[in-house]
Each structure stands twice: as C-alpha cells, then as structure tokens.
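Chemist: Here it is, the structure, as structure tokens.
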Amino acid sequence: MEHNSSNFIRNIIKEDIETGKRNHVITRFPPEPNGYLHIGHAKSIVINFDLADEFNGKTHLRFDDTNPLKEDSEYVHAIKEDVKWLGYDWDGLFFASDYFQQMYERAVLLIKKGKAYVDDLSPDEIREYRGTLTEPGKDSPYRTRSIEENLDLFERMREGEFENGKKVLRAKIDMSSPNINMRDPVIYRISHATHHNTGDDWCIYPMYAFAHPLEDAIEDVTHSICTTEFEDQRPLYNWIVEECEMTSTPQQIEFGRLNITNAVMSKRKLKQLVDEGFVDGWDDPRMPTISGLRRRGYTPEAIRAFVRETGVSKGSGMVDSQMLDYFVREDLKMKAPRTMGIVRPLKVVITNYPEGQVEMLEAEINPENPEMGTRQIPFSREIYIEQEDFMENPPKKYFRLFPGNEVRLKHAYFIKCEDIIKDEDGNVVEVHCTYDPETKSGSGFTGRKVKGTLHWVEATQAVPAQFRLYEPLLLNEEPETLEEEASADEQVERTFLDQVNPHSLQIFHGFVEPNMKDVKEQDKFQFFRHGYFNVDPKHTTKESLVFNLIVSLKSSFKL
Ligand code: ATP
Ligand code: MG
Ligand code: MG
C-alpha cells in the first residue's frame, strides 16, 4: 500500500515504538451508525488503516453505538460495505454496546471512589450551572450526595425507576476548571429506548465522552485518532482512563477534518437532504457519501489517492472538489474503455451512402492503453450526432457541421453538410450530408484537412440510453460556513438547504454504440468528447441503460 505524504501522527507512533513506550500499534475507525459514511470518514479510514499497516499493527472497526435513538442496523450494514469497498479489511469488528455492562461497572467504581454523583438538575439547569468561558461554573446542590445514596440512585436509574431526563450521572471533577468539559460532565443519561443491538436491556446509556475512552482502553487501542473538535476533550479522556483504572492507556491524537467545496459533511445534514427528498437516497450520485460516490462512478483507488494527497495536519482546510475529480480521471485514464455516445441526438442522413448497407469499422478501445485492443462499430447511411455539433448559422471559429462545411467522423469518413430538413416550427430535425469514401479513417488519406472531428452513433443499431449529467448539489462553495454566519446574524435566514442547486441533475435520452448493450452495473467508460461515465446500478435495467456522468474531460485543476 502507498504511504507517501508526510504525517505528524506517523512521527508520534514512530517515536513511541522507537522509545519503547509502545510495543504494538492498534488504531480504530469508530463510526456512529447514525447515517452513511461520507468522504470525510474516508479520510479517517485511510489514516487509521494506513498507519496500522505501516507499523504492522491492527485496525478495529468499532461501531460507536451508544445513542439508541439515532442508530440503526441499516447503517451498520452500509458502513461495513463502504469500508470494504474502500479496500480495507478490519482486524476486529466491535460494538461499543457490547461493553455496556463493563461501562456500567466502571461508573459504579467512580461512584465508590467519590468521583461521580447522581444529579437531579434538569438539562437546562445543568447548562446554566456550567458557567461560560469567562465565568466559573456553580456546584449542583446534589454534588454532595453520599456515596451510598449515589450507588442506590444509580442502580434505580438502571432499573428504570425514573423517567427520561429526571436524573443523570455526572463525573465529579472541577466546576471551576478553565476547560468547560471538565466541569462535572454528564456521563450517563436515562433513555427508555430500544437499542439496535441490546434491545431493551438498558434504559441508561453512557455519554460519548465517557464511553469513547473506555471503548479504546477495553480494546487496547494505542493511538486513538480523531478530529480536532475533540481536542478540548482530551483532558477528560485521560481523566476517565485513569480514574476508571483501565490497564490499557490509549493516547488521543487529533487531526483536521476534511471539508470539500459545495458539500456538507455532516451525517445530520446529509440525512436532511435524504429525508426531505432533495436526493434519491443516501447513495444519490450527487451526495458526498461513499455510496453516492460509488454510484456516481468514483473508484476506491481515486478516493484513497485523493485523501492521501490532502495530507494529515492539525488544520482543517477546504479542499476543492476538482482535486477529487483529478484523481478519478488519473485512475480511469488507463482503465476505462473509450466509446461514443450521443446525449442530445440529431439525425444525419448520408445521401450518397448505399441504402441498406452496413459496414463495420475498427476503433481502438483505449489509445492510452493499446493492450485493451479494438472494437467493431457499424456505419451506415443514417447516424446520430450531437445537436450542439450542428449550427445553421454558426459564429466565427465554429468548426463543426454547418451548411457547406466538411468535418471528420471519428473512426469513419469525412462528411459534408448539403441540406437541412426542418419541422413545422422551424427546428432542424435532420441534416443531409454526403461522404467521401476516399477519406476512410486509417486509409492514410491526406488530400485535404478538416478542422472538426465529431463523435456519432450508427442509427439503426444504436442502443437507447439515458444520460444523467450532474452539477454540484449545493451552489455555495462553503455551505456550512454560510450557515454558521446565518445563525450568528438572525436577520439572515439562510440554511444550506436554500443552497440546493435546482439543476444539479439533468437527464437526457440519447444513444450508445450497439456493443454497449451488454454492459454491467458499475462499468465505466470514457465517452469520446464527453467525459467518464458509470453504469448506474439503481436505475439500469436490461431494457434501459442509465449512465452517470462521473467527470467531464476538461479540467483547469493542476496538482
Ligand atoms: P458527522 O458529523 O458527519 O456525523 P462524526 O464525526 O459525528 O461525523 P462519526 O461516525 O463519529 O461521525 O465518525 C467516525 C470517525 O470519522 C471519527 O473518528 C471522526 O472524527 C471521523 N470523521 C468524521 N468526519 C470527518 C471529516 N470530515 N474528516 C475527517 N474525519 C472525519
Ligand atoms: Mg461522532
Ligand atoms: Mg455526528
């Protein structure tokens, strides 16, 4: 596997091994199963698996499923599929919920040590008592409850005696700590809810900040890599590992989140797009989810190369989505067969070509990769070209087809426009041309030159196909920043949903070469002059082919 970018986390691990602080490496990827994975998660996956791989370590896939209300086994299934598809094989599959009993026992231990107490304040009161950045917090009146009373109340919480929100268990740390996370954080809450894994066994659930360090320590994770929003939680993480007397001491290390332009990267927001019908599911090809990127036609190789190129640093930057496009073009250049497809068809009749005759022409499958061989394509009196490749009254420097002009048909002949046929409304419905048999492709004809080369598909054998062209789903380059600004200024009522691009999907009905009739879901092609396309796995049927535009051919992006 490739490990090319410089990476401060690697340096930490290297030093830990060299100094003997650690004699093994275990990392983990810990998604909460409350949605589908997105490209930001891919970054975390690549970092964790690559590092373990480099140091002969292990990577766990652990579902951080401590919040029954938002989690579902549909997501567990999808996440496993996405991690595998990205090319990674976990060394152990774990569920945080399998540790609920151990976590409960550690909470009891904290109570017995006088380090945790049951609080009856309401969530609002707890927030109020917590203080602010500039103001210390206030002790809850329940902070001084005896150990015995706390043990009794916590057990009764577990037994279901109290309603949601009536009581919580809090760590007893320091209400005047400059770090608000240390001001007696809530570590258990009551939630009478059915859990996807443990069913109705529990009605109290550990909070993330308490559960996560325990999960890491239980699994003997050495380096617990997360994103920088958890930096302020690190002292609490260490406090919990220590006070719960865990034998293993994982180290939390933070790196900057990946954000890409014109996309939101939070499962909550992505779920909103799905639930409110802006897209056709989590795997809609416009979504920045792994399943969406897969359905669009991005490859695991391209995604891995992209996230590695974005590097590992403390700062979270906005990365241009064109950089991802660059990597998918690089990956498909050698792999994807070339073919011709007409997105917006215009019929061309070649009046001097014998009626009823069809000849087969040879065309290379991939000029960049000659080993892929050649294909046969039919040619006859009737073909389709793109509507935009013909103009009745062209501007200067238009080198495609117009009355009196001659162009080259890729892999075939020169044709010259002689006449046009219009319907009652004056629209051009057919173009009549003549061809010159001398100019056959591959014949070495040098008699005269033409400036335009068009793609085409023979009309009688053409296979109908649907082309789905995409633009960014969100119009604003930084939709999440926009939202933060909006909430700071109540006057501006803009959310990322207002940024949904009404033209993000356009569907066209055209034609492809007859040899395409047996393509399979997820097959990828480069359509000459258009770009790379993927056979859509959701909408393609035996009767109707659907191609998703992955990326167009041109890019201004340079690495
Ligand atoms: P979201 O807000 O999208 O739900 P999350 O951080 O809550 O993201 P988790 O399921 O907890 O999602 O994420 C699993 C792992 O992936 C965590 O370690 C998290 O830090 C990491 N991760 C999530 N989003 C990104 C991102 N944009 N860039 C890098 N890593 C990320
Ligand atoms: Mg999370
Ligand atoms: Mg989240």
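Labels for the structure tokens follow display order: chains A, B, ..., residues from 1 in each chain, ligands from 1.
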What are the closest atom pairs, with distances in Å to one decimal, for all residues of chain A lying within 8 Å of ligand 3? Consider only C-alpha atoms and all ligand atoms, order rows by chain and residue number, and present the result as a tab-separated table.
Modeler:
residue	atom	partner	partner_atom_place_in_ligand_line	distance
A:Glu32	CA	ligand 3	1 (Mg)	7.2
A:Asn34	CA	ligand 3	1 (Mg)	7.7
A:Ser266	CA	ligand 3	1 (Mg)	6.3
A:Lys267	CA	ligand 3	1 (Mg)	6.0
A:Arg268	CA	ligand 3	1 (Mg)	6.7
Chemist: Could you pull out the residues sitting within 12 Å of ligand 2, using only C-alpha atoms and all ligand atoms, and write them as a PyMOL selection string?
Modeler: chain A and resi 29-35+37+40-41+44+62-67+70-71+207-209+211-212+226-230+266-268
Chemist: So that I have them on file, write out the residues from the current selection with C-alpha atoms, as a CSV table (one decimal), in the first residue's frame.
Modeler:
chain,number,residue,atom,x,y,z
A,29,PHE,CA,-12.2,3.6,13.0
A,30,PRO,CA,-15.2,4.3,15.3
A,31,PRO,CA,-18.3,5.5,13.3
A,32,GLU,CA,-21.6,6.0,15.0
A,33,PRO,CA,-24.2,4.0,13.0
A,34,ASN,CA,-26.5,7.0,12.6
A,35,GLY,CA,-26.0,7.6,8.8
A,37,LEU,CA,-20.2,7.3,5.6
A,40,GLY,CA,-14.6,12.9,5.4
A,41,HIS,CA,-14.9,9.4,7.0
A,44,SER,CA,-10.3,8.9,8.8
A,62,ARG,CA,-15.9,-0.3,16.0
A,63,PHE,CA,-19.5,0.9,16.0
A,64,ASP,CA,-19.8,3.7,18.5
A,65,ASP,CA,-23.4,2.8,19.1
A,66,THR,CA,-24.3,4.4,22.5
A,67,ASN,CA,-27.2,6.5,21.3
A,70,LYS,CA,-30.4,7.8,16.2
A,71,GLU,CA,-28.8,4.4,15.4
A,207,MET,CA,-22.4,9.6,27.1
A,208,TYR,CA,-19.9,9.7,24.2
A,209,ALA,CA,-17.2,11.4,26.3
A,211,ALA,CA,-17.8,5.7,26.6
A,212,HIS,CA,-15.2,6.5,24.0
A,226,CYS,CA,-9.9,11.7,16.0
A,227,THR,CA,-10.7,15.2,14.6
A,228,THR,CA,-9.7,18.5,16.2
A,229,GLU,CA,-13.1,19.3,17.7
A,230,PHE,CA,-12.3,16.7,20.4
A,266,SER,CA,-22.3,16.0,8.5
A,267,LYS,CA,-24.5,12.9,8.7
A,268,ARG,CA,-27.2,15.0,10.2
Chemist: Where does DSSP see alpha helix (DSSP H) in stretch 344-525 of chain A, if you list the residues as a count of residues only?
Modeler: 10
Chemist: As a JSON list (two decimals) with C-alpha atoms, in the first residue's frame, please: the residues near A:Arg338 (cut-off 9 Å, only C-alpha atoms, same-chain neighbours under 2 positions excluded).
Modeler:
[["chain", "number", "residue", "atom", "x", "y", "z"],
["A", 336, "ALA", "CA", -11.84, 2.92, -18.94],
["A", 340, "MET", "CA", -19.11, 7.01, -28.39],
["A", 364, "GLU", "CA", -9.22, 1.39, -30.67],
["A", 365, "ILE", "CA", -10.63, 0.75, -27.19],
["A", 366, "ASN", "CA", -8.13, 2.96, -25.39],
["A", 367, "PRO", "CA", -5.43, 4.92, -27.25],
["A", 525, "PHE", "CA", -16.40, 4.27, -19.92],
["A", 526, "GLN", "CA", -14.94, 7.35, -21.43],
["A", 527, "PHE", "CA", -17.44, 8.72, -23.91],
["A", 528, "PHE", "CA", -15.43, 10.46, -26.60]]
Chemist: Do you know which residues are at most 12 Å from A:Ile420 counting only C-alpha atoms, after dropping those on the same chain fewer than 4 positions away, and could you put them as a ChimeraX atom specification?
Modeler: /A:346-351,390-393,401-404,416,426-433
Chemist: Neighbouring residues of stretch 378-388 of chain A were defined as those with any atom within 8 Å, considering only C-alpha atoms; residues of the same chain fewer than 3 positions away were excluded. Please report them as number ranges by chain.
Modeler: A: 342-361, 391, 412, 454-461
Chemist: Could you give me the residues within stretch 413-481 of chain A that DSSP places in strand (DSSP E or B), as a ChimeraX atom specification?
Modeler: /A:414-422,428-436,453-454,457-458,463-470,474
Chemist: Between atom CA of A:Pro472 and atom CA of A:Asn501, what is the spacing in Å?
Modeler: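 Atom CA of A:Asn501 sits 7.0 Å away from atom CA of A:Pro472.
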Chemist: Measuring atom to atom with only C-alpha atoms, identify which of A:His77, A:Arg156, A:Arg294, A:His411 is nearest to A:Thr374.
Modeler: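 With only C-alpha atoms as the atom set, the closest residue is A:His411.
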Chemist: When you count only C-alpha atoms and all ligand atoms, which of these residues is closest to ligand 1: A:Asp216, A:Glu418, A:Asp284, A:Asp389?
Modeler: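 Among A:Asp216, A:Glu418, A:Asp284, A:Asp389, it is A:Asp216 that comes nearest to ligand 1.
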Chemist: So which one's closest to ligand 1, A:Gly315, A:Gly131, A:Pro337, A:Pro235? Using only C-alpha atoms and all ligand atoms, please.
Modeler: A:Gly315
